[in-house]
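S.K.: My structure is in protein27.cif, and what it holds is mmCIF, C-alpha atoms:
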```
data_coords
#
loop_
_atom_site.label_atom_id
_atom_site.label_comp_id
_atom_site.auth_asym_id
_atom_site.auth_seq_id
_atom_site.Cartn_x
_atom_site.Cartn_y
_atom_site.Cartn_z
CA MET A 10 14.13 -12.17 24.40
CA ASN A 11 16.67 -10.65 22.14
CA ASN A 12 16.04 -6.92 21.93
CA ASN A 13 18.17 -6.42 18.86
CA ALA A 14 16.37 -9.17 17.03
CA GLU A 15 13.04 -7.71 18.00
CA GLN A 16 14.00 -4.26 16.83
CA TRP A 17 15.24 -5.74 13.61
CA ARG A 18 11.97 -7.56 13.14
CA ASP A 19 9.98 -4.41 13.93
CA HIS A 20 11.90 -2.62 11.21
CA ILE A 21 10.80 -5.35 8.81
CA VAL A 22 7.21 -4.99 10.00
CA ALA A 23 7.39 -1.27 9.29
CA LEU A 24 8.77 -2.05 5.86
CA LEU A 25 5.97 -4.50 4.99
CA PRO A 26 3.57 -2.22 3.10
CA ARG A 27 6.35 -0.83 0.93
CA LEU A 28 7.89 -4.23 0.35
CA ARG A 29 4.49 -5.61 -0.56
CA ARG A 30 3.95 -2.91 -3.18
CA TYR A 31 7.40 -3.69 -4.49
CA CYS A 32 6.42 -7.37 -4.81
CA PHE A 33 3.28 -6.23 -6.59
CA SER A 34 5.30 -4.12 -9.01
CA LEU A 35 7.62 -7.05 -9.72
CA THR A 36 5.00 -9.75 -10.13
CA GLY A 37 2.11 -7.73 -11.50
CA SER A 38 -0.35 -9.94 -9.68
CA ALA A 39 -1.62 -9.61 -6.11
CA PRO A 40 -1.57 -13.33 -5.21
CA ASP A 41 1.94 -13.67 -6.63
CA ALA A 42 2.94 -10.55 -4.72
CA ASP A 43 1.84 -12.04 -1.41
CA ASP A 44 3.59 -15.33 -2.15
CA LEU A 45 6.76 -13.46 -2.97
CA LEU A 46 6.39 -11.32 0.14
CA GLN A 47 6.02 -14.43 2.27
CA ASN A 48 9.09 -16.07 0.73
CA THR A 49 11.08 -12.90 1.22
CA ILE A 50 10.14 -12.55 4.88
CA GLU A 51 10.81 -16.22 5.50
CA LYS A 52 14.23 -16.01 3.91
CA ALA A 53 15.11 -12.78 5.67
CA LEU A 54 14.21 -14.17 9.10
CA SER A 55 16.26 -17.29 8.46
CA LYS A 56 19.22 -15.10 7.56
CA TYR A 57 19.10 -12.91 10.64
CA ASP A 58 22.37 -14.37 11.87
CA GLN A 59 24.08 -13.34 8.66
CA PHE A 60 22.77 -9.82 8.74
CA GLU A 61 25.60 -7.44 9.52
CA GLN A 62 24.76 -4.50 11.74
CA GLY A 63 25.05 -1.31 9.77
CA THR A 64 23.75 -2.84 6.55
CA ASP A 65 20.82 -0.93 5.07
CA LEU A 66 17.95 -3.28 5.90
CA ASP A 67 15.64 -1.82 3.26
CA ARG A 68 18.11 -2.42 0.46
CA TRP A 69 18.97 -5.84 1.85
CA MET A 70 15.31 -6.88 1.84
CA PHE A 71 14.52 -5.41 -1.56
CA ARG A 72 17.49 -7.18 -3.12
CA MET A 73 16.51 -10.48 -1.54
CA CYS A 74 12.99 -10.01 -2.81
CA LYS A 75 14.12 -9.29 -6.32
CA ASN A 76 16.46 -12.29 -6.41
CA LEU A 77 13.69 -14.57 -5.20
CA TRP A 78 11.41 -13.29 -7.92
CA ILE A 79 14.05 -13.87 -10.58
CA ASP A 80 14.46 -17.44 -9.31
CA GLU A 81 10.73 -17.99 -9.38
CA TRP A 82 10.40 -16.48 -12.81
CA ARG A 83 13.14 -18.71 -14.17
CA SER A 84 11.74 -21.86 -12.64
CA ARG A 85 8.31 -21.07 -14.05
CA ARG A 86 9.84 -20.77 -17.46
CA VAL A 87 11.66 -24.05 -17.05
CA ARG A 88 8.43 -25.71 -15.96
CA GLY A 89 6.72 -24.22 -18.96
CA ASP A 90 4.28 -22.34 -16.74
CA SER A 91 2.95 -19.05 -17.81
CA VAL A 92 5.18 -16.18 -16.81
CA ASP A 93 2.50 -13.72 -17.67
CA PRO A 94 1.10 -12.53 -14.39
CA MET A 95 -1.80 -10.69 -15.98
CA ASP A 96 -4.50 -13.01 -14.78
CA TYR A 97 -6.76 -10.54 -13.05
CA LYS A 98 -9.82 -12.71 -13.21
CA ASN A 99 -8.48 -14.60 -10.23
CA GLU A 100 -8.38 -11.56 -8.04
CA PRO A 101 -11.85 -11.24 -6.61
CA TRP A 102 -10.81 -8.68 -4.01
CA ILE A 103 -9.99 -6.22 -6.72
CA ASP A 104 -13.72 -5.57 -7.16
CA GLY A 105 -13.68 -3.11 -4.33
CA GLU A 106 -10.93 -1.12 -5.90
CA ASP A 107 -12.67 0.19 -8.94
CA ILE A 108 -13.22 3.40 -7.03
CA LEU A 109 -9.56 4.28 -7.24
CA VAL A 110 -8.85 3.44 -10.83
CA ASN A 111 -11.23 1.55 -12.98
CA LYS A 112 -10.34 -2.05 -13.47
CA LEU A 113 -9.40 -1.64 -17.09
CA LYS A 114 -7.07 1.21 -16.36
CA MET A 115 -5.45 -0.73 -13.57
CA SER A 116 -4.74 -3.76 -15.70
CA GLU A 117 -3.54 -1.54 -18.52
CA VAL A 118 -1.17 0.20 -16.13
CA ARG A 119 0.21 -3.06 -14.78
CA SER A 120 0.51 -4.51 -18.23
CA ALA A 121 2.46 -1.45 -19.33
CA MET A 122 4.68 -1.61 -16.27
CA ASN A 123 5.42 -5.24 -16.97
CA LYS A 124 6.65 -4.33 -20.43
CA LEU A 125 9.26 -1.94 -19.06
CA GLN A 126 12.85 -2.99 -18.57
CA ASP A 127 13.53 -4.07 -15.00
CA GLU A 128 15.66 -1.06 -14.19
CA GLN A 129 12.98 1.27 -15.54
CA ARG A 130 10.26 -0.43 -13.54
CA VAL A 131 12.30 -0.13 -10.36
CA ILE A 132 12.96 3.58 -10.82
CA ILE A 133 9.26 4.20 -11.49
CA PHE A 134 8.47 2.20 -8.39
CA LEU A 135 10.80 4.27 -6.23
CA VAL A 136 9.96 7.72 -7.54
CA ALA A 137 6.39 7.59 -8.85
CA ILE A 138 4.91 4.98 -6.50
CA GLU A 139 6.93 5.45 -3.33
CA GLY A 140 7.81 9.13 -3.67
CA TYR A 141 11.60 8.82 -3.28
CA SER A 142 13.58 11.93 -4.13
CA TYR A 143 16.18 11.53 -6.90
CA LYS A 144 18.89 11.64 -4.27
CA GLU A 145 17.27 8.91 -2.22
CA ALA A 146 16.77 6.78 -5.31
CA SER A 147 20.38 7.30 -6.33
CA ILE A 148 21.59 6.14 -2.91
CA PHE A 149 19.16 3.24 -2.85
CA LEU A 150 20.18 1.96 -6.26
CA ASP A 151 23.77 3.04 -5.92
CA ILE A 152 23.75 4.87 -9.24
CA PRO A 153 24.63 8.50 -10.09
CA LEU A 154 21.95 11.17 -9.91
CA GLY A 155 22.22 11.72 -13.65
CA THR A 156 21.42 8.08 -14.28
CA VAL A 157 18.33 8.35 -12.09
CA MET A 158 17.19 11.28 -14.22
CA SER A 159 17.80 9.68 -17.60
CA ARG A 160 16.44 6.29 -16.59
CA LEU A 161 13.29 7.83 -15.22
CA ALA A 162 12.81 9.96 -18.32
CA ARG A 163 13.15 6.90 -20.55
CA ALA A 164 10.74 4.94 -18.40
CA ARG A 165 8.15 7.71 -18.49
CA LYS A 166 8.56 8.07 -22.23
CA ALA A 167 7.99 4.33 -22.65
CA LEU A 168 4.90 4.49 -20.47
CA GLU A 169 3.54 7.38 -22.50
CA GLN A 170 3.73 5.17 -25.55
CA LEU A 171 2.31 2.11 -23.82
CA LEU A 172 -0.63 3.75 -22.11
CA THR A 173 -3.70 5.13 -23.76
CA PRO A 174 -3.59 8.89 -23.41
CA PRO A 175 -5.90 9.92 -20.60
CA ASP A 176 -8.95 11.94 -21.47
CA LEU A 177 -7.68 15.25 -20.28
CA ASP A 178 -10.99 17.06 -20.57
CA ILE A 179 -12.62 14.68 -18.16
CA GLN A 180 -9.67 14.52 -15.81
CA ARG A 181 -9.32 18.27 -15.60
CA ASN A 182 -12.83 18.78 -14.33
CA PRO A 183 -12.67 20.24 -10.85
CA LEU A 184 -14.23 18.23 -8.05
CA MET B 29 15.74 26.44 -24.05
CA ILE B 30 15.50 22.90 -25.31
CA ILE B 31 13.13 20.92 -23.15
CA THR B 32 14.47 17.39 -23.01
CA ASP B 33 12.56 14.41 -21.65
CA GLU B 34 14.88 14.48 -18.65
CA LEU B 35 14.07 18.09 -17.84
CA LEU B 36 10.36 17.49 -18.22
CA SER B 37 10.47 14.45 -16.02
CA ALA B 38 12.54 16.23 -13.37
CA TYR B 39 10.15 19.19 -13.58
CA LEU B 40 7.31 16.82 -12.79
CA ASP B 41 9.16 15.58 -9.72
CA GLY B 42 10.12 19.05 -8.52
CA GLU B 43 13.78 18.14 -8.83
CA LEU B 44 15.01 21.26 -10.66
CA SER B 45 16.44 24.56 -9.52
CA VAL B 46 14.13 27.53 -9.12
CA GLU B 47 15.56 29.06 -12.32
CA GLU B 48 15.01 25.91 -14.35
CA ILE B 49 11.49 25.54 -13.05
CA ALA B 50 10.70 29.12 -14.08
CA GLU B 51 12.17 28.56 -17.54
CA ILE B 52 10.20 25.40 -18.13
CA ALA B 53 7.01 26.92 -16.74
CA ALA B 54 7.44 29.74 -19.27
CA GLU B 55 7.88 27.22 -22.09
CA ILE B 56 4.81 25.31 -20.96
CA GLU B 57 2.87 28.56 -20.96
CA LYS B 58 3.82 29.09 -24.59
CA SER B 59 3.17 25.58 -25.82
CA PRO B 60 -0.17 23.81 -25.34
CA GLU B 61 1.51 20.69 -26.69
CA LEU B 62 4.07 20.72 -23.91
CA ALA B 63 1.40 21.47 -21.33
CA ASN B 64 -0.56 18.51 -22.63
CA ARG B 65 2.41 16.24 -22.42
CA ILE B 66 3.29 17.16 -18.86
CA GLU B 67 -0.34 16.62 -17.89
CA ILE B 68 -0.31 13.17 -19.47
CA MET B 69 2.89 12.31 -17.63
CA ARG B 70 1.40 13.51 -14.37
CA LEU B 71 -1.76 11.49 -14.86
CA ASN B 72 0.22 8.40 -15.85
CA ASP B 73 2.19 8.69 -12.63
CA LYS B 74 -1.02 9.05 -10.69
CA SER B 75 -2.60 5.98 -12.31
CA ILE B 76 0.52 3.94 -11.65
CA ALA B 77 0.68 4.96 -8.00
CA GLN B 78 -2.99 4.14 -7.55
CA ALA B 79 -2.74 0.81 -9.32
CA TYR B 80 0.08 -0.38 -7.08
CA HIS B 81 -1.26 1.11 -3.87
CA SER B 82 -4.44 -0.87 -4.43
CA ILE B 83 -2.82 -3.87 -2.76
CA ASP B 84 -2.69 -1.90 0.51
CA SER B 85 -6.38 -2.42 1.06
CA LYS B 86 -6.05 -6.17 1.01
CA PRO B 87 -5.41 -7.53 4.51
CA MET B 88 -1.85 -8.68 5.05
CA PRO B 89 -1.75 -12.49 4.92
CA ASP B 90 -1.96 -14.06 8.39
CA SER B 91 0.86 -16.43 7.55
CA ILE B 92 3.27 -13.53 7.19
CA MET B 93 2.12 -11.93 10.42
CA THR B 94 2.47 -15.18 12.30
CA MET B 95 5.97 -15.68 10.97
CA LEU B 96 7.03 -12.25 12.18
CA GLU B 97 5.24 -12.63 15.44
CA ASP B 98 7.05 -15.89 16.20
CA PHE B 99 10.44 -14.35 15.50
CA PRO B 100 13.02 -14.52 17.05
CA GLU B 101 11.87 -17.53 19.11
CA SER B 102 11.17 -19.52 15.95
CA GLN B 103 14.78 -19.25 14.85
CA LYS B 104 16.24 -20.47 18.11
CA LYS B 105 14.67 -23.88 17.95
CA ALA B 106 16.84 -26.53 16.41
CA LEU B 107 13.83 -28.67 15.66
CA PRO B 108 12.92 -28.69 12.02
CA PHE B 109 9.25 -28.40 12.83
CA ARG B 110 8.06 -26.25 15.60
CA LYS B 111 5.17 -27.66 17.50
CA LYS B 112 2.69 -24.94 18.15
CA SER B 113 1.11 -24.80 21.51
CA SER B 114 -2.66 -24.76 21.49
CA PHE B 115 -2.72 -21.91 23.90
CA ARG B 116 -0.70 -18.79 23.63
CA THR B 117 1.12 -17.92 26.79
CA GLU B 118 2.10 -14.43 25.81
CA ALA B 119 0.38 -11.71 23.91
CA PRO B 120 1.44 -11.82 20.29
CA ILE B 121 2.65 -8.58 18.74
CA TRP B 122 0.26 -8.87 15.89
CA GLN B 123 -2.56 -9.39 18.22
CA MET B 124 -5.30 -8.19 16.07
CA ALA B 125 -7.38 -9.33 18.92
CA MET B 126 -11.08 -9.31 18.64
CA ALA B 127 -10.83 -7.16 21.70
CA ALA B 128 -9.16 -4.45 19.69
CA THR B 129 -11.99 -4.38 17.22
CA ILE B 130 -14.65 -4.48 19.87
CA LEU B 131 -12.87 -1.72 21.72
CA LEU B 132 -12.81 0.29 18.60
CA PHE B 133 -16.47 -0.23 17.99
CA ILE B 134 -17.19 0.87 21.53
CA GLY B 135 -15.04 3.89 20.83
CA PHE B 136 -17.35 4.76 18.00
CA GLY B 137 -20.11 5.41 20.45
CA ALA B 138 -23.43 4.06 21.48
CA GLY B 139 -26.29 3.02 19.30
CA ARG B 140 -24.25 0.66 17.19
CA THR B 141 -25.85 -2.23 15.47
CA LEU B 142 -24.16 -5.46 14.74
CA MET B 143 -25.63 -7.40 11.93
CA PRO B 144 -24.17 -10.44 10.28
CA ALA B 145 -24.01 -9.78 6.57
CA ASN B 146 -25.72 -12.09 4.14
CA THR B 147 -22.44 -12.79 2.43
CA THR B 148 -20.93 -14.63 5.39
CA LYS B 149 -20.15 -18.15 4.38
CA ASP B 150 -18.94 -19.71 7.56
CA THR B 151 -20.63 -18.28 10.59
CA ALA B 152 -18.91 -20.75 12.89
CA SER B 153 -15.56 -19.15 12.41
CA GLU B 154 -16.22 -15.68 11.20
CA GLN B 155 -18.73 -12.98 11.34
CA VAL B 156 -19.04 -9.98 9.15
CA ILE B 157 -20.14 -6.95 10.99
CA ALA B 158 -21.43 -3.96 9.15
CA GLN B 159 -22.59 -0.86 10.83
CA GLN B 160 -23.56 2.46 9.47
CA ASN B 161 -23.19 5.91 11.02
CA SER B 162 -21.38 4.25 13.87
CA GLY B 163 -20.30 7.27 15.80
CA ILE B 164 -17.94 10.12 16.22
CA ILE B 165 -14.19 9.97 16.60
CA GLY B 166 -13.14 12.97 18.64
CA PRO B 167 -9.68 14.12 19.73
CA GLU B 168 -9.89 11.89 22.82
CA ASN B 169 -9.91 8.81 20.59
CA ALA B 170 -6.52 7.46 19.54
CA LEU B 171 -7.86 6.92 16.05
CA TYR B 172 -8.45 10.65 15.70
CA ALA B 173 -4.76 11.50 15.51
CA VAL B 174 -4.20 8.80 12.90
CA LEU B 175 -6.97 10.10 10.67
CA GLU B 176 -5.76 13.66 11.16
CA ASN B 177 -2.09 13.06 10.43
CA GLN B 178 -1.32 9.75 8.79
CA PRO B 179 -0.92 9.81 5.00
CA SER B 180 -2.66 7.06 3.08
CA ALA B 181 -0.95 3.74 2.56
CA SER B 182 1.24 4.09 5.62
CA SER B 183 0.34 2.07 8.65
CA PHE B 184 0.17 3.15 12.23
CA ALA B 185 0.09 0.97 15.32
CA LEU B 186 -2.75 2.24 17.44
CA SER B 187 -1.52 1.24 20.86
CA ALA B 188 1.90 0.73 22.33
CA ASN B 189 1.27 -3.01 22.11
CA ASN B 190 0.63 -2.91 18.40
CA ASP B 191 -2.84 -4.12 19.10
CA ALA B 192 -4.30 -2.69 15.98
CA ILE B 193 -2.73 -1.39 12.83
CA ILE B 194 -4.53 1.51 11.25
CA THR B 195 -3.93 2.11 7.58
CA PRO B 196 -5.67 4.97 5.83
CA SER B 197 -6.06 3.90 2.22
CA MET B 198 -7.41 6.98 0.53
CA THR B 199 -8.81 10.43 0.99
CA PHE B 200 -11.53 12.02 -1.07
CA ARG B 201 -13.86 14.98 -1.07
CA THR B 202 -17.64 15.04 -1.15
CA ASN B 203 -19.86 17.36 -3.12
CA GLU B 204 -20.19 19.46 0.01
CA ASN B 205 -16.39 19.80 0.14
CA ILE B 206 -16.11 17.58 3.17
CA TYR B 207 -13.04 15.39 3.42
CA CYS B 208 -13.50 11.68 3.99
CA ARG B 209 -11.00 8.90 4.48
CA GLU B 210 -11.17 5.20 3.95
CA TYR B 211 -9.06 3.25 6.40
CA SER B 212 -8.55 -0.24 7.68
CA VAL B 213 -8.07 -1.43 11.20
CA THR B 214 -6.29 -4.73 11.21
CA THR B 215 -5.37 -7.07 13.96
CA GLN B 216 -4.17 -10.57 13.42
CA LYS B 217 -7.58 -11.89 14.15
CA SER B 218 -9.86 -9.32 12.73
CA SER B 219 -10.02 -6.59 10.24
CA THR B 220 -12.33 -3.70 9.54
CA GLN B 221 -12.67 -1.42 6.58
CA ASN B 222 -14.11 1.96 7.37
CA VAL B 223 -15.03 5.32 5.96
CA ALA B 224 -15.09 8.43 8.14
CA CYS B 225 -15.69 12.05 7.18
CA ARG B 226 -14.33 15.14 8.84
CA VAL B 227 -17.13 17.29 10.19
CA GLU B 228 -16.44 20.21 12.49
CA ASN B 229 -13.07 18.96 13.72
CA THR B 230 -14.23 15.44 14.42
CA TRP B 231 -14.36 12.36 12.27
CA VAL B 232 -17.76 10.84 11.78
CA VAL B 233 -17.77 7.17 10.86
CA LYS B 234 -19.98 6.59 7.87
CA ILE B 235 -19.56 2.87 7.68
CA SER B 236 -17.54 0.15 9.27
CA VAL B 237 -17.38 -3.35 7.83
CA GLY B 238 -15.41 -5.92 9.70
CA THR B 239 -14.62 -9.54 10.07
CA THR B 240 -14.05 -11.07 13.41
CA GLY B 241 -13.81 -14.65 14.41
CA LYS B 242 -13.53 -16.93 17.33
CA VAL B 243 -10.94 -19.46 18.25
CA LEU B 244 -11.89 -22.93 17.19
CA PRO B 245 -11.74 -24.93 20.40
CA GLU B 246 -10.33 -28.18 19.06
CA ASP B 247 -6.95 -26.96 17.87
CA GLY B 248 -6.71 -23.38 18.95
CA THR B 249 -6.26 -22.17 15.42
CA TYR B 250 -7.88 -19.08 14.22
CA GLN B 251 -9.71 -18.60 11.03
CA THR B 252 -10.14 -15.18 9.57
CA ALA B 253 -12.11 -14.24 6.54
CA SER B 254 -9.93 -14.79 3.51
CA GLN B 255 -11.26 -11.67 2.00
CA MET B 256 -13.63 -9.06 3.10
CA ASP B 257 -16.79 -8.19 1.39
CA ASN B 258 -16.18 -4.60 0.48
CA SER B 259 -19.27 -3.98 -1.56
CA ALA B 260 -20.96 -2.06 1.25
CA ILE B 261 -17.91 0.16 1.61
CA THR B 262 -17.72 0.67 -2.12
CA ALA B 263 -21.36 1.69 -2.23
CA VAL B 264 -20.87 4.27 0.50
CA ILE B 265 -17.76 5.68 -1.16
CA LYS B 266 -19.50 5.87 -4.52
CA GLU B 267 -22.32 7.76 -2.92
CA LEU B 268 -20.07 10.25 -1.17
CA MET B 269 -17.12 10.81 -3.46
CA ALA B 270 -16.98 13.72 -5.85
CA GLY B 271 -14.25 13.47 -8.48
CA ASP B 272 -11.06 11.51 -7.92
CA ALA B 273 -9.37 10.47 -4.73
CA LEU B 274 -6.76 12.95 -3.56
CA SER B 275 -3.26 12.41 -4.87
CA ALA B 276 -0.54 11.70 -2.32
CA ASP B 277 0.74 15.25 -2.71
CA ASP B 278 -2.66 16.85 -2.27
CA GLU B 279 -3.26 14.68 0.73
CA VAL B 280 -0.02 15.76 2.41
CA LYS B 281 -0.93 19.35 1.64
CA ILE B 282 -4.36 19.17 3.21
CA ILE B 283 -2.98 17.35 6.26
CA LYS B 284 -0.44 20.14 6.70
CA GLN B 285 -3.24 22.67 6.44
CA ASN B 286 -5.15 20.86 9.18
CA TRP B 287 -7.80 19.92 6.63
CA GLN B 288 -8.63 23.54 5.93
CA GLN B 289 -8.85 24.55 2.29
CA LYS B 290 -7.03 27.70 1.38
#
```
So, in terms of structure tokens, how does the structure I just supplied come out?
M.R.:
Amino acid sequence: MNNNAEQWRDHIVALLPRLRRYCFSLTGSAPDADDLLQNTIEKALSKYDQFEQGTDLDRWMFRMCKNLWIDEWRSRRVRGDSVDPMDYKNEPWIDGEDILVNKLKMSEVRSAMNKLQDEQRVIIFLVAIEGYSYKEASIFLDIPLGTVMSRLARARKALEQLLTPPDLDIQRNPL
Amino acid sequence: MIITDELLSAYLDGELSVEEIAEIAAEIEKSPELANRIEIMRLNDKSIAQAYHSIDSKPMPDSIMTMLEDFPESQKKALPFRKKSSFRTEAPIWQMAMAATILLFIGFGAGRTLMPANTTKDTASEQVIAQQNSGIIGPENALYAVLENQPSASSFALSANNDAIITPSMTFRTNENIYCREYSVTTQKSSTQNVACRVENTWVVKISVGTTGKVLPEDGTYQTASQMDNSAITAVIKELMAGDALSADDEVKIIKQNWQQK
């Protein structure tokens, strides 16, 4: 047994939930997200030998994931397949989720997210979904702090315009 | 002070200096319009986080677990196709063994009932187990610490062998101001979805719905339920929950306060 390899794999295991949400944010559909996750893991494991110690594994995996999605997206377009991932009717498991956000709101949110520019979607993913600090996001994306700020502000502004304003009176009711 | 989109957004994320925060708070105080806008931004963020965290409650595909479990051995073989042995000779890391689930159920205490749900399609390979009021999780139970301390949407391996992965998926409050958490217990071979509420420093399981299966003798493969029937869980949550689920921030706060409201 190779201890290094096992540790490396365990790091990937620990990363799975976050990587899966990232796949979800890229694809906008849960089945596509799991396919993409599977392809990413498969590719990562096959490239273990090429992984240089000291490389940030998280960034390495996220980049691989994104590139795979771009490939998939392109090939779907070439094949003439739909690139619109908004087919929620095929997600029966989502029925149990209407507690968290109602189904309509969820599809509206994902539809809005899919209309954002890639770089805006990624910054929203890091900060609003995963709770990265600006500094962490700036290191992760290798961009200046100021760019994190302005990109995030633009993304939020776009989302404000894309999403139906929430009913504040209802939402403000205390528990 | 001119409140730019950047400042507002950074205010929302708590990324400003104390002075800037005070200045913006003062502006918000003066302008209902600004207050409204920051509230909309906050709620948008919340909806987005919830929409994307929803995938956490879906069991991780077995194929991915198997791939990770077989690493690094799988990469050493030069053969293009790896022939899988019918019998495992070593305990897999993602052993979501039935044993783990059964153990857990035993941990929930006596008086449990196991009843196959009507929704089960293939009783030969899987069984849906639903049980209500299944027991108390006290500090002596390993699950207790997870429910006490683990934020939602982050997984925790219950034993040193990674027997079972516990993932709290959300926290909510009841009308009686009792905190409850929904969480999953996943092993490679089984998965349960549960709701437990915190009563007098213990967690009381309100419902536990699980799928387990048995190894099919002819080829040693394992079949798990492709998706769980969560309607029973949903019904229990609907009955208990008052208002929205806690935001990630509020959850962290209440965990830090040992689940005591200030």
S.K.: Which of these residues is nearest to chain B, using all atoms listed in the file: A:Met122, A:Ala42, A:Ala162, A:Leu25?
M.R.: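 Result for the nearest residue to chain B: A:Ala162.
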S.K.: Exactly which residues make up the result of the PyMOL selection byres ((chain B) within 6 of (chain A)) on this file, given as a list in words?
M.R.: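 In the shown coordinates, the PyMOL selection byres ((chain B) within 6 of (chain A)) covers Asp33, Glu34, Ser37, Asp73, Ala77, Ala79, Ile92, Asn258, Thr262, Ala270 and Gly271 of chain B.
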S.K.: What is the distance, in Å and to one decimal place, between atom CA of Leu268 of chain B and atom CA of Thr202 of chain B?
M.R.: 5.4 Å
S.K.: Kindly indicate which residue among A:Lys52, A:Arg86, A:Arg68, A:His20 lies nearest to Glu145 of chain A, using all atoms listed in the file for the distances.
M.R.: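 The closest residue to Glu145 of chain A is A:Arg68.
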S.K.: How far is it from atom CA of Gln16 of chain A to atom CA of Phe60 of chain A, in Å with one decimal?
M.R.: 13.2 Å
S.K.: Compare B:Gly163, B:Asp278, B:Asn169, B:Pro179 by their minimum atom-to-atom distance to Ile235 of chain B, counting only C-alpha atoms, and give me the closest one.
M.R.: B:Gly163
S.K.: Atom CA of Val223 of chain B and atom CA of Ser259 of chain B, how far apart in Å?
M.R.: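 It comes out at 12.7 Å.
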S.K.: Specify as number ranges by chain each residue included when the PyMOL selection byres ((chain B and resi 178) around 12) is applied to this file.
M.R.: B: 171-177, 179-186, 193-199, 209-211, 276, 279-284, 286
S.K.: Go through B:Thr220, B:Thr215, B:Ala50, B:Ser275 and flag the residue nearest Asp90 of chain B, using all atoms listed in the file for the distances.
M.R.: B:Thr215
